[in-house]
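**Q** Supplied structure: start03.tsv, TSV, C-alpha atoms and all ligand atoms.
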```tsv
chain	number	residue	atom	x	y	z
A	264	MET	CA	46.65	83.59	45.76
A	265	ILE	CA	44.03	82.54	48.30
A	266	PHE	CA	43.13	85.10	50.97
A	267	TYR	CA	41.42	83.65	54.02
A	268	PHE	CA	39.92	84.60	57.33
A	269	SER	CA	39.29	81.99	60.00
A	270	GLY	CA	38.36	81.99	63.70
A	271	THR	CA	38.29	78.33	64.68
A	272	GLY	CA	40.37	76.90	61.85
A	273	ASN	CA	37.77	75.49	59.42
A	274	SER	CA	38.33	78.15	56.77
A	275	GLN	CA	42.10	78.06	57.25
A	276	TRP	CA	42.08	74.31	56.59
A	277	VAL	CA	39.86	74.77	53.50
A	278	ALA	CA	42.14	77.54	52.18
A	279	GLU	CA	45.31	75.52	52.77
A	280	GLU	CA	43.85	72.33	51.23
A	281	LEU	CA	42.72	74.27	48.17
A	282	ALA	CA	46.13	75.90	47.91
A	283	GLN	CA	47.75	72.47	47.99
A	284	LYS	CA	45.39	71.03	45.37
A	285	LEU	CA	45.82	74.07	43.09
A	286	SER	CA	49.57	74.51	43.69
A	287	ASP	CA	48.72	77.94	45.06
A	288	GLN	CA	49.44	79.83	48.26
A	289	ALA	CA	47.07	80.68	51.14
A	290	THR	CA	47.56	83.76	53.27
A	291	SER	CA	45.52	85.21	56.14
A	292	ILE	CA	43.89	88.55	55.37
A	293	MET	CA	45.39	89.74	58.65
A	294	ALA	CA	48.89	89.36	57.19
A	295	ALA	CA	48.11	89.97	53.50
A	296	LYS	CA	49.13	93.02	51.51
A	297	SER	CA	46.10	94.88	50.14
A	298	ASP	CA	48.06	96.00	47.03
A	299	TYR	CA	48.85	92.45	45.95
A	300	ALA	CA	49.79	92.26	42.27
A	301	PRO	CA	48.60	88.98	40.70
A	302	LYS	CA	50.71	87.35	38.00
A	303	ASP	CA	49.29	86.80	34.50
A	304	GLY	CA	46.44	84.30	34.76
A	305	GLU	CA	46.79	83.90	38.52
A	306	LYS	CA	43.48	83.01	40.15
A	307	ILE	CA	42.37	84.93	43.25
A	308	GLY	CA	40.39	83.13	45.95
A	309	PHE	CA	38.69	84.30	49.13
A	310	VAL	CA	37.85	81.81	51.87
A	311	PHE	CA	35.95	82.79	55.01
A	312	PRO	CA	33.31	81.58	57.47
A	313	ILE	CA	29.64	82.52	57.28
A	314	TYR	CA	28.36	84.73	60.08
A	315	ALA	CA	24.56	85.08	59.96
A	316	TRP	CA	24.24	84.18	56.26
A	317	ASP	CA	26.93	86.62	55.14
A	318	ALA	CA	30.70	87.15	55.24
A	319	PRO	CA	32.46	88.54	58.35
A	320	THR	CA	32.67	92.33	58.42
A	321	CYS	CA	36.48	92.18	58.55
A	322	VAL	CA	36.46	90.39	55.16
A	323	TYR	CA	34.48	93.27	53.65
A	324	ASP	CA	36.91	95.71	55.30
A	325	PHE	CA	39.77	93.86	53.58
A	326	ILE	CA	38.00	94.02	50.19
A	327	GLU	CA	37.41	97.74	50.75
A	328	GLN	CA	41.15	98.28	51.17
A	329	LEU	CA	42.13	96.02	48.25
A	330	ASN	CA	44.08	97.60	45.48
A	331	ILE	CA	44.18	94.79	42.94
A	332	LYS	CA	43.73	95.40	39.25
A	333	THR	CA	42.94	92.24	37.35
A	334	ASN	CA	40.55	90.49	34.97
A	335	ASN	CA	41.78	87.14	36.21
A	336	TYR	CA	39.46	84.44	37.54
A	337	ILE	CA	38.14	85.28	41.05
A	338	TYR	CA	36.24	82.91	43.35
A	339	MET	CA	34.98	82.73	46.92
A	340	VAL	CA	34.47	79.77	49.24
A	341	ALA	CA	32.25	80.22	52.30
A	342	THR	CA	32.57	77.69	55.08
A	343	CYS	CA	29.39	77.28	57.12
A	344	HIS	CA	27.58	74.72	59.21
A	345	SER	CA	24.68	74.35	56.79
A	346	GLN	CA	23.38	77.60	55.25
A	347	ALA	CA	25.34	80.36	53.54
A	348	GLY	CA	22.32	82.50	52.54
A	349	GLY	CA	22.87	85.05	49.76
A	350	VAL	CA	26.51	85.73	50.63
A	351	ASP	CA	27.69	85.49	47.01
A	352	LYS	CA	25.37	88.33	45.96
A	353	VAL	CA	26.66	90.69	48.66
A	354	PHE	CA	30.25	89.61	48.06
A	355	LYS	CA	29.92	90.16	44.30
A	356	LYS	CA	28.68	93.72	44.91
A	357	ALA	CA	31.60	94.42	47.28
A	358	LEU	CA	34.07	93.23	44.61
A	359	ALA	CA	32.29	95.19	41.87
A	360	LYS	CA	32.85	98.40	43.86
A	361	LYS	CA	36.58	97.69	43.50
A	362	GLY	CA	36.23	96.98	39.77
A	363	LEU	CA	36.59	93.23	40.30
A	364	ASN	CA	34.37	90.42	39.01
A	365	LEU	CA	33.30	87.32	40.95
A	366	ASN	CA	33.48	84.32	38.63
A	367	ALA	CA	32.52	81.55	41.02
A	368	ALA	CA	31.10	81.08	44.51
A	369	PHE	CA	30.98	77.92	46.61
A	370	SER	CA	29.87	76.95	50.08
A	371	ILE	CA	31.18	74.03	52.06
A	372	ASN	CA	29.60	72.59	55.20
A	373	MET	CA	31.94	72.23	58.15
A	374	PRO	CA	31.59	71.60	61.91
A	375	ASN	CA	29.67	74.25	63.82
A	376	ASN	CA	31.37	76.86	66.00
A	377	TYR	CA	28.26	78.95	66.73
A	378	LEU	CA	27.05	78.65	70.32
A	379	LEU	CA	25.54	82.08	70.89
A	380	ALA	CA	21.87	81.12	70.98
A	381	PRO	CA	19.69	78.70	72.91
A	382	PHE	CA	19.61	75.10	71.69
A	383	VAL	CA	22.60	75.42	69.32
A	384	LYS	CA	25.69	73.42	70.13
A	385	THR	CA	28.78	71.91	68.59
A	386	ASP	CA	28.46	68.67	66.63
A	387	SER	CA	28.74	65.22	68.13
A	388	ASN	CA	31.96	63.39	67.23
A	389	THR	CA	30.02	61.24	64.74
A	390	LYS	CA	28.44	64.25	63.03
A	391	ARG	CA	31.80	66.03	62.99
A	392	THR	CA	33.41	63.07	61.22
A	393	GLN	CA	30.55	62.92	58.68
A	394	LEU	CA	30.84	66.64	57.96
A	395	LEU	CA	34.61	66.46	57.49
A	396	SER	CA	34.33	63.39	55.28
A	397	LYS	CA	31.86	65.19	53.00
A	398	ALA	CA	34.01	68.34	53.12
A	399	GLN	CA	37.02	66.38	51.82
A	400	LYS	CA	34.96	65.28	48.79
A	401	ARG	CA	33.49	68.74	48.33
A	402	LEU	CA	36.98	70.25	48.31
A	403	LYS	CA	37.95	68.04	45.38
A	404	GLU	CA	34.88	69.30	43.44
A	405	ILE	CA	35.67	72.92	44.25
A	406	ALA	CA	39.34	72.53	43.31
A	407	PHE	CA	38.34	70.98	39.97
A	408	ALA	CA	35.87	73.81	39.24
A	409	VAL	CA	38.50	76.44	40.07
A	410	GLU	CA	41.25	74.66	38.14
A	411	THR	CA	39.04	74.58	35.04
A	412	GLU	CA	37.80	78.15	35.67
A	413	LYS	CA	34.10	77.28	35.79
A	414	ASN	CA	31.71	80.22	36.08
A	415	ILE	CA	29.42	78.78	38.68
A	416	VAL	CA	27.44	79.54	41.85
A	417	SER	CA	27.25	76.49	44.08
A	418	ILE	CA	25.93	77.69	47.43
A	419	LYS	CA	23.65	75.99	49.98
A	420	ARG	CA	21.47	78.99	50.80
A	421	GLY	CA	18.89	77.67	53.29
A	422	LEU	CA	15.68	79.59	53.94
A	423	SER	CA	15.65	82.91	52.06
A	424	ILE	CA	13.76	84.64	54.91
A	425	LEU	CA	16.81	84.10	57.14
A	426	SER	CA	19.08	85.95	54.69
A	427	LYS	CA	16.56	88.81	54.68
A	428	ILE	CA	16.64	89.20	58.46
A	429	ALA	CA	20.44	88.79	58.58
A	430	PRO	CA	21.24	92.55	58.79
A	431	PHE	CA	18.93	92.87	61.82
A	432	PHE	CA	20.48	89.78	63.41
A	433	ARG	CA	24.03	91.04	62.77
A	434	ARG	CA	23.36	94.23	64.77
A	435	PHE	CA	23.51	92.07	67.90
A	436	MET	CA	26.85	90.53	66.97
A	437	THR	CA	29.08	92.41	69.42
A	438	ASP	CA	31.53	91.37	72.13
A	439	LYS	CA	29.49	93.03	74.90
A	440	ALA	CA	28.18	89.70	76.22
A	441	PHE	CA	31.62	88.03	76.56
A	442	TYR	CA	32.84	87.59	80.11
A	443	VAL	CA	35.39	85.49	81.95
A	444	GLU	CA	34.72	83.28	84.95
A	445	LYS	CA	37.57	84.51	87.12
A	446	ASN	CA	37.53	81.44	89.36
A	447	GLN	CA	38.20	79.26	86.28
A	448	CYS	CA	40.68	81.48	84.41
A	449	ILE	CA	44.38	80.61	84.86
A	450	GLN	CA	45.54	83.80	83.08
A	451	CYS	CA	47.36	81.75	80.43
A	452	GLY	CA	46.81	84.35	77.69
A	453	VAL	CA	45.67	81.86	75.04
A	454	CYS	CA	42.49	83.87	74.36
A	455	ALA	CA	44.47	87.05	73.60
A	456	LYS	CA	47.01	85.11	71.52
A	457	VAL	CA	44.44	83.44	69.24
A	458	CYS	CA	42.35	86.58	68.67
A	459	PRO	CA	42.98	87.52	65.01
A	460	ILE	CA	41.90	91.13	65.62
A	461	LYS	CA	43.94	91.63	68.83
A	462	ASN	CA	40.72	92.61	70.56
A	463	ILE	CA	41.59	91.12	73.96
A	464	SER	CA	43.78	92.70	76.66
A	465	LEU	CA	44.91	90.82	79.75
A	466	ASN	CA	44.58	92.93	82.91
A	467	PRO	CA	45.37	90.28	84.23
A	468	PHE	CA	42.05	88.69	83.19
A	469	PRO	CA	40.83	89.06	79.60
A	470	GLU	CA	38.93	92.19	78.63
A	471	TRP	CA	37.20	92.62	75.27
A	472	ASN	CA	37.84	95.97	73.60
A	473	GLY	CA	34.81	96.39	71.33
A	474	ASN	CA	36.46	95.61	67.99
A	475	CYS	CA	35.37	91.99	67.72
A	476	ALA	CA	35.05	89.90	64.53
A	477	MET	CA	32.79	87.43	66.40
A	478	CYS	CA	35.04	84.61	65.23
A	479	GLN	CA	34.76	82.71	68.56
A	480	ALA	CA	38.45	81.73	68.64
A	481	CYS	CA	38.82	83.00	72.22
A	482	LEU	CA	35.75	81.14	73.44
A	483	HIS	CA	36.65	77.81	71.82
A	484	HIS	CA	40.40	77.84	72.54
A	485	CYS	CA	40.24	78.67	76.27
A	486	PRO	CA	41.68	75.54	77.93
A	487	LYS	CA	39.50	76.04	81.02
A	488	GLN	CA	36.21	76.92	79.24
A	489	ALA	CA	36.35	80.07	81.37
A	490	ILE	CA	34.97	82.31	78.60
A	491	GLN	CA	31.21	82.62	78.34
A	492	TYR	CA	28.83	84.63	76.16
A	493	GLY	CA	25.69	85.74	78.00
A	494	HIS	CA	23.60	82.78	79.09
A	495	PHE	CA	24.26	80.78	75.94
A	496	THR	CA	27.58	79.00	76.25
A	497	LYS	CA	27.93	77.54	79.73
A	498	GLY	CA	28.34	73.76	79.72
A	499	LYS	CA	28.44	73.53	75.89
A	500	LYS	CA	31.28	71.53	74.34
A	501	ARG	CA	33.85	73.69	72.50
A	502	TYR	CA	35.28	73.10	69.02
A	503	PHE	CA	38.23	74.16	66.94
A	504	PHE	CA	39.57	72.41	63.87
A	505	LYS	CA	42.20	69.73	64.39
A	506	LYS	CA	43.75	67.59	61.63
A	507	GLU	CA	43.31	64.53	63.87
A	508	TYR	CA	39.51	64.90	63.39
A	509	LEU	CA	39.85	64.20	59.66
A	510	PRO	CA	38.60	60.77	58.65
A	511	HIS	CA	41.17	58.71	56.75
A	512	ASP	CA	40.29	57.62	53.19
A	601	LIG	C1	28.78	84.57	64.65
A	601	LIG	C2	28.60	83.30	63.85
A	601	LIG	C3	27.51	83.19	62.99
A	601	LIG	C4	27.35	82.03	62.23
A	601	LIG	N1	26.34	81.98	61.33
A	601	LIG	C5	26.18	80.88	60.54
A	601	LIG	C6	25.16	80.83	59.54
A	601	LIG	O1	24.42	81.80	59.30
A	601	LIG	N2	25.02	79.70	58.82
A	601	LIG	C7	25.82	78.60	59.03
A	601	LIG	O2	25.61	77.58	58.36
A	601	LIG	N3	26.84	78.62	59.93
A	601	LIG	C8	27.04	79.73	60.70
A	601	LIG	N4	28.07	79.79	61.61
A	601	LIG	C9	29.01	78.64	61.70
A	601	LIG	C10	30.34	78.92	60.97
A	601	LIG	O3	30.12	79.58	59.74
A	601	LIG	C11	31.14	77.64	60.66
A	601	LIG	O4	31.30	76.83	61.78
A	601	LIG	C12	32.49	78.03	60.04
A	601	LIG	O5	33.00	76.92	59.32
A	601	LIG	C13	33.54	78.48	61.05
A	601	LIG	O6	34.72	78.79	60.34
A	601	LIG	P1	36.15	79.06	61.00
A	601	LIG	O7	36.49	77.81	61.80
A	601	LIG	O8	37.07	79.24	59.86
A	601	LIG	O9	36.04	80.24	61.88
A	601	LIG	C14	28.26	80.93	62.37
A	601	LIG	C15	29.34	81.06	63.26
A	601	LIG	C16	29.51	82.23	64.00
A	601	LIG	C17	30.68	82.34	64.92
A	602	LIG	S1	42.40	81.41	77.59
A	602	LIG	FE1	40.94	81.11	79.29
A	602	LIG	S2	42.21	80.58	81.04
A	602	LIG	FE2	43.59	81.49	79.51
A	602	LIG	S3	43.62	83.71	80.04
A	602	LIG	FE3	42.00	83.43	78.51
A	602	LIG	S4	40.14	83.12	79.75
A	602	LIG	FE4	41.86	82.80	81.13
A	603	LIG	S1	37.54	88.74	70.84
A	603	LIG	FE1	37.19	86.55	70.56
A	603	LIG	S2	35.43	86.46	69.16
A	603	LIG	FE2	36.23	88.56	69.06
A	603	LIG	S3	37.65	88.57	67.32
A	603	LIG	FE3	38.85	88.11	69.15
A	603	LIG	S4	38.93	85.88	69.30
A	603	LIG	FE4	37.30	86.43	67.85
```
Once more with this new file: its structure as C-alpha cells, please.

**A**
Amino acid sequence: MIFYFSGTGNSQWVAEELAQKLSDQATSIMAAKSDYAPKDGEKIGFVFPIYAWDAPTCVYDFIEQLNIKTNNYIYMVATCHSQAGGVDKVFKKALAKKGLNLNAAFSINMPNNYLLAPFVKTDSNTKRTQLLSKAQKRLKEIAFAVETEKNIVSIKRGLSILSKIAPFFRRFMTDKAFYVEKNQCIQCGVCAKVCPIKNISLNPFPEWNGNCAMCQACLHHCPKQAIQYGHFTKGKKRYFFKKEYLPHD
C-alpha cells in the first residue's frame, strides 16, 4: 500500500506511478484507514510533498493515528522542487514512535508550487518539462530500489542550515495571509472543492478557517487567479500537475 498526500498533484502522480510500477495501490491519507492491516510481505510507502525541508504536518498527524503492526519493508518518497532537507530523519523518528522502521527514503524533484516569498515563482514550461523528464527516470530508479527492498537513503538535502531553521520558518506557515479578490472571484467553489482538509467555506466568497495544510491547491486551482497570499502571489503564474505536461519518451 502507498499512502500519499498531495496539494497540487505532483505527489499523487508519483504515488500512482509507483503503484503502477510495483503492482501496488495508492490511496490518499485523507481517505485511508489508519488501522490498515498489511498482508505478509506487503511493502508500505508514504509519498508527500516537502514543506520547508520537512513533511506536511497532516502527514505526521496521519502517522500519529496509524495502527499498523508490521516488520515489512517501509519507505518514503518526498517530492520537492530541489531540497528535501533532513526529512527522512524526522520521518524515521515519527515512525519509530509507532514501533515502525523506515527502510528507505527517497526525494524526487518536481515542478515548484511554492509562491509564498519574494522572487520565487513557478517553473518556465521548458524547466517544467526538464523536471518531469528527470522525474520519470528517477521514478524507475525508486521503483527498482523498492522492488528489490534496498535499505537506502537517497535524498537531495540542500544546505543543512536551511533544515535547521525550518521549525522557525514553519511557524509562519498559516492561512492568515490568504485572501480573495472579490472583483475577480466568480464564486465557482473550485477552491473549496480541491481543499484536501476542507478548510474553506463559501459565504459566498471563500473564507479560510485556520486549519490549513499549506498545500496551495486552492491558490493554484482558482480559474480566475482570484486567490492571493499576502504580497507574494499577485501576477505569478500558477501550477498544478497535468498529465499533458509529461514529455513523451
Ligand atoms: C509551503 C510549501 C513549502 C515548500 N517547501 C519546499 C522546500 O523546502 N524545498 C523544496 O524543494 N520544495 C518546497 N516546496 C515545493 C513542493 O515541495 C513541491 O512543488 C511539491 O512537489 C508539491 O507537491 P504536490 O503537488 O504533491 O502538492 C514547498 C511547497 C510549499 C507549498
Ligand atoms: S476558485 Fe477562485 S473564483 Fe472560484 S470561488 Fe474560489 S476564489 Fe472564487
Ligand atoms: S486552504 Fe488552500 S492551502 Fe490550505 S489546505 Fe486548503 S487548499 Fe490547501

**Q** Using all atoms listed in the file, which of the listed residues (A:Pro312, A:Pro459, A:Gly421, A:Gly272) sits closest to ligand LIG 603 (chain A)?

**A**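 Selected residue with least distance to ligand LIG 603 (chain A): A:Pro459.
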
**Q** Nearest to ligand LIG 601 (chain A): which of A:Leu465, A:Val353, A:Ala489, A:Met436 is it, counting all atoms listed in the file?

**A**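 Comparing A:Leu465, A:Val353, A:Ala489, A:Met436 against ligand LIG 601 (chain A), the winner is A:Met436.
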
**Q** Hey, which residues sit close to ligand LIG 602 (chain A)? Say within 9 Å, counting all atoms listed in the file, and write them as a ChimeraX atom specification.

**A** /A:442-445,447-457,463,465,467-469,481-490

**Q** Could those selected residues go to a file with C-alpha atoms, as an mmCIF file, in the frame of the given file?

**A**
```cif
data_model
loop_
_atom_site.group_PDB
_atom_site.id
_atom_site.type_symbol
_atom_site.label_atom_id
_atom_site.label_comp_id
_atom_site.auth_asym_id
_atom_site.auth_seq_id
_atom_site.Cartn_x
_atom_site.Cartn_y
_atom_site.Cartn_z
ATOM 1 C CA TYR A 442 32.840 87.590 80.110
ATOM 2 C CA VAL A 443 35.390 85.490 81.950
ATOM 3 C CA GLU A 444 34.720 83.280 84.950
ATOM 4 C CA LYS A 445 37.570 84.510 87.120
ATOM 5 C CA GLN A 447 38.200 79.260 86.280
ATOM 6 C CA CYS A 448 40.680 81.480 84.410
ATOM 7 C CA ILE A 449 44.380 80.610 84.860
ATOM 8 C CA GLN A 450 45.540 83.800 83.080
ATOM 9 C CA CYS A 451 47.360 81.750 80.430
ATOM 10 C CA GLY A 452 46.810 84.350 77.690
ATOM 11 C CA VAL A 453 45.670 81.860 75.040
ATOM 12 C CA CYS A 454 42.490 83.870 74.360
ATOM 13 C CA ALA A 455 44.470 87.050 73.600
ATOM 14 C CA LYS A 456 47.010 85.110 71.520
ATOM 15 C CA VAL A 457 44.440 83.440 69.240
ATOM 16 C CA ILE A 463 41.590 91.120 73.960
ATOM 17 C CA LEU A 465 44.910 90.820 79.750
ATOM 18 C CA PRO A 467 45.370 90.280 84.230
ATOM 19 C CA PHE A 468 42.050 88.690 83.190
ATOM 20 C CA PRO A 469 40.830 89.060 79.600
ATOM 21 C CA CYS A 481 38.820 83.000 72.220
ATOM 22 C CA LEU A 482 35.750 81.140 73.440
ATOM 23 C CA HIS A 483 36.650 77.810 71.820
ATOM 24 C CA HIS A 484 40.400 77.840 72.540
ATOM 25 C CA CYS A 485 40.240 78.670 76.270
ATOM 26 C CA PRO A 486 41.680 75.540 77.930
ATOM 27 C CA LYS A 487 39.500 76.040 81.020
ATOM 28 C CA GLN A 488 36.210 76.920 79.240
ATOM 29 C CA ALA A 489 36.350 80.070 81.370
ATOM 30 C CA ILE A 490 34.970 82.310 78.600
#
```

**Q** Set out as CSV a contact list for region 376-482 of chain A and region 278-297 of chain A with a cut-off of 10 Å, giving each residue of region 376-482 of chain A that qualifies its closest atom pair and distance in Å to one decimal, counting only C-alpha atoms, ordered by chain and rising residue number.

**A**
```
residue,atom,partner,partner_atom,distance
A:Gln399,CA,A:Glu280,CA,9.1
A:Leu402,CA,A:Leu281,CA,7.0
A:Lys403,CA,A:Lys284,CA,8.0
A:Ile405,CA,A:Leu281,CA,8.2
A:Ala406,CA,A:Leu281,CA,6.2
A:Phe407,CA,A:Leu285,CA,8.7
A:Val409,CA,A:Leu285,CA,8.3
A:Glu410,CA,A:Leu285,CA,6.8
A:Pro459,CA,A:Met293,CA,7.2
A:Ile460,CA,A:Met293,CA,7.9
```

**Q** Residues within 8 Å of ligand LIG 601 (chain A), counting all atoms listed in the file: report them as a ChimeraX atom specification.

**A** /A:268-276,311-317,341-348,372-379,436,477-480,503-504

**Q** Counting all atoms listed in the file, which residue out of A:Thr385, A:Phe369, A:Ile331, A:Cys321 sits closest to ligand LIG 603 (chain A)?

**A**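 Result for the nearest residue to ligand LIG 603 (chain A): A:Cys321.
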
**Q** Select, from A:Pro301, A:Pro430, A:Pro510, A:Pro381, the residue with the minimum atom-to-atom distance to Asn334 (chain A), counting only C-alpha atoms.

**A**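 For Asn334 (chain A), the nearest of the given residues is A:Pro301.
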
**Q** Got a sec: who's within 12 Å of Val416 (chain A), counting all atoms listed in the file, leaving out chain neighbours fewer than 2 positions off, as a list in words?

**A**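 Those residues are Tyr338, Met339, Val340, Ala341, Ala347, Gly349, Val350, Asp351, Lys352, Lys355, Leu365, Asn366, Ala367, Ala368, Phe369, Ser370, Ile405, Ala408, Val409, Lys413, Asn414, Ile418, Lys419 and Arg420 of chain A.
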
**Q** Write to file, as a compact mmCIF listing (two decimals), keeping the file's coordinate frame, the residues of the selection just made, with C-alpha atoms.

**A**
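Wrote again_16.txt, looks like this:
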```
# COMPACT_ATOMS: atom_id res chain seq x y z
CA TYR A 338 36.24 82.91 43.35
CA MET A 339 34.98 82.73 46.92
CA VAL A 340 34.47 79.77 49.24
CA ALA A 341 32.25 80.22 52.30
CA ALA A 347 25.34 80.36 53.54
CA GLY A 349 22.87 85.05 49.76
CA VAL A 350 26.51 85.73 50.63
CA ASP A 351 27.69 85.49 47.01
CA LYS A 352 25.37 88.33 45.96
CA LYS A 355 29.92 90.16 44.30
CA LEU A 365 33.30 87.32 40.95
CA ASN A 366 33.48 84.32 38.63
CA ALA A 367 32.52 81.55 41.02
CA ALA A 368 31.10 81.08 44.51
CA PHE A 369 30.98 77.92 46.61
CA SER A 370 29.87 76.95 50.08
CA ILE A 405 35.67 72.92 44.25
CA ALA A 408 35.87 73.81 39.24
CA VAL A 409 38.50 76.44 40.07
CA LYS A 413 34.10 77.28 35.79
CA ASN A 414 31.71 80.22 36.08
CA ILE A 418 25.93 77.69 47.43
CA LYS A 419 23.65 75.99 49.98
CA ARG A 420 21.47 78.99 50.80
```

**Q** Would you mind telling me which residue in A:Met264, A:Tyr508, A:Trp471, A:Lys499 lies nearest to Ser396 (chain A) when using all atoms listed in the file?

**A**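 That would be A:Tyr508, the residue with the smallest distance to Ser396 (chain A).
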
**Q** For ligand LIG 603 (chain A), which residue out of A:Asn335, A:Thr320, A:Asn446, A:Asn388 is the nearest one, using only C-alpha atoms and all ligand atoms?

**A**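 The shortest atom-to-atom distance to ligand LIG 603 (chain A) comes from A:Thr320.
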
**Q** With 4 Å on each side, where is the centre of the axis-aligned box around all listed atoms of ligand LIG 603 (chain A), and how long are its edges in Å to one decimal, as lines of an AutoDock Vina configuration file?

**A**
```
center_x = 37.2
center_y = 87.3
center_z = 69.1
size_x = 11.5
size_y = 10.9
size_z = 11.5
```

**Q** Calculate how many Å separate CA of Lys360 (chain A) from CA of Leu425 (chain A), rounding to one decimal.

**A**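 Spanning CA of Lys360 (chain A) to CA of Leu425 (chain A) is a straight-line distance of 25.3 Å.
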
**Q** For a test of reading the model, state the distance in Å between CA of Ala359 (chain A) and CA of Glu327 (chain A), rounded to one decimal.

**A** 10.6 Å

**Q** Between CA of Leu509 (chain A) and CA of Lys384 (chain A), what is the distance in Å, rounded to a tenth?

**A** 19.9 Å
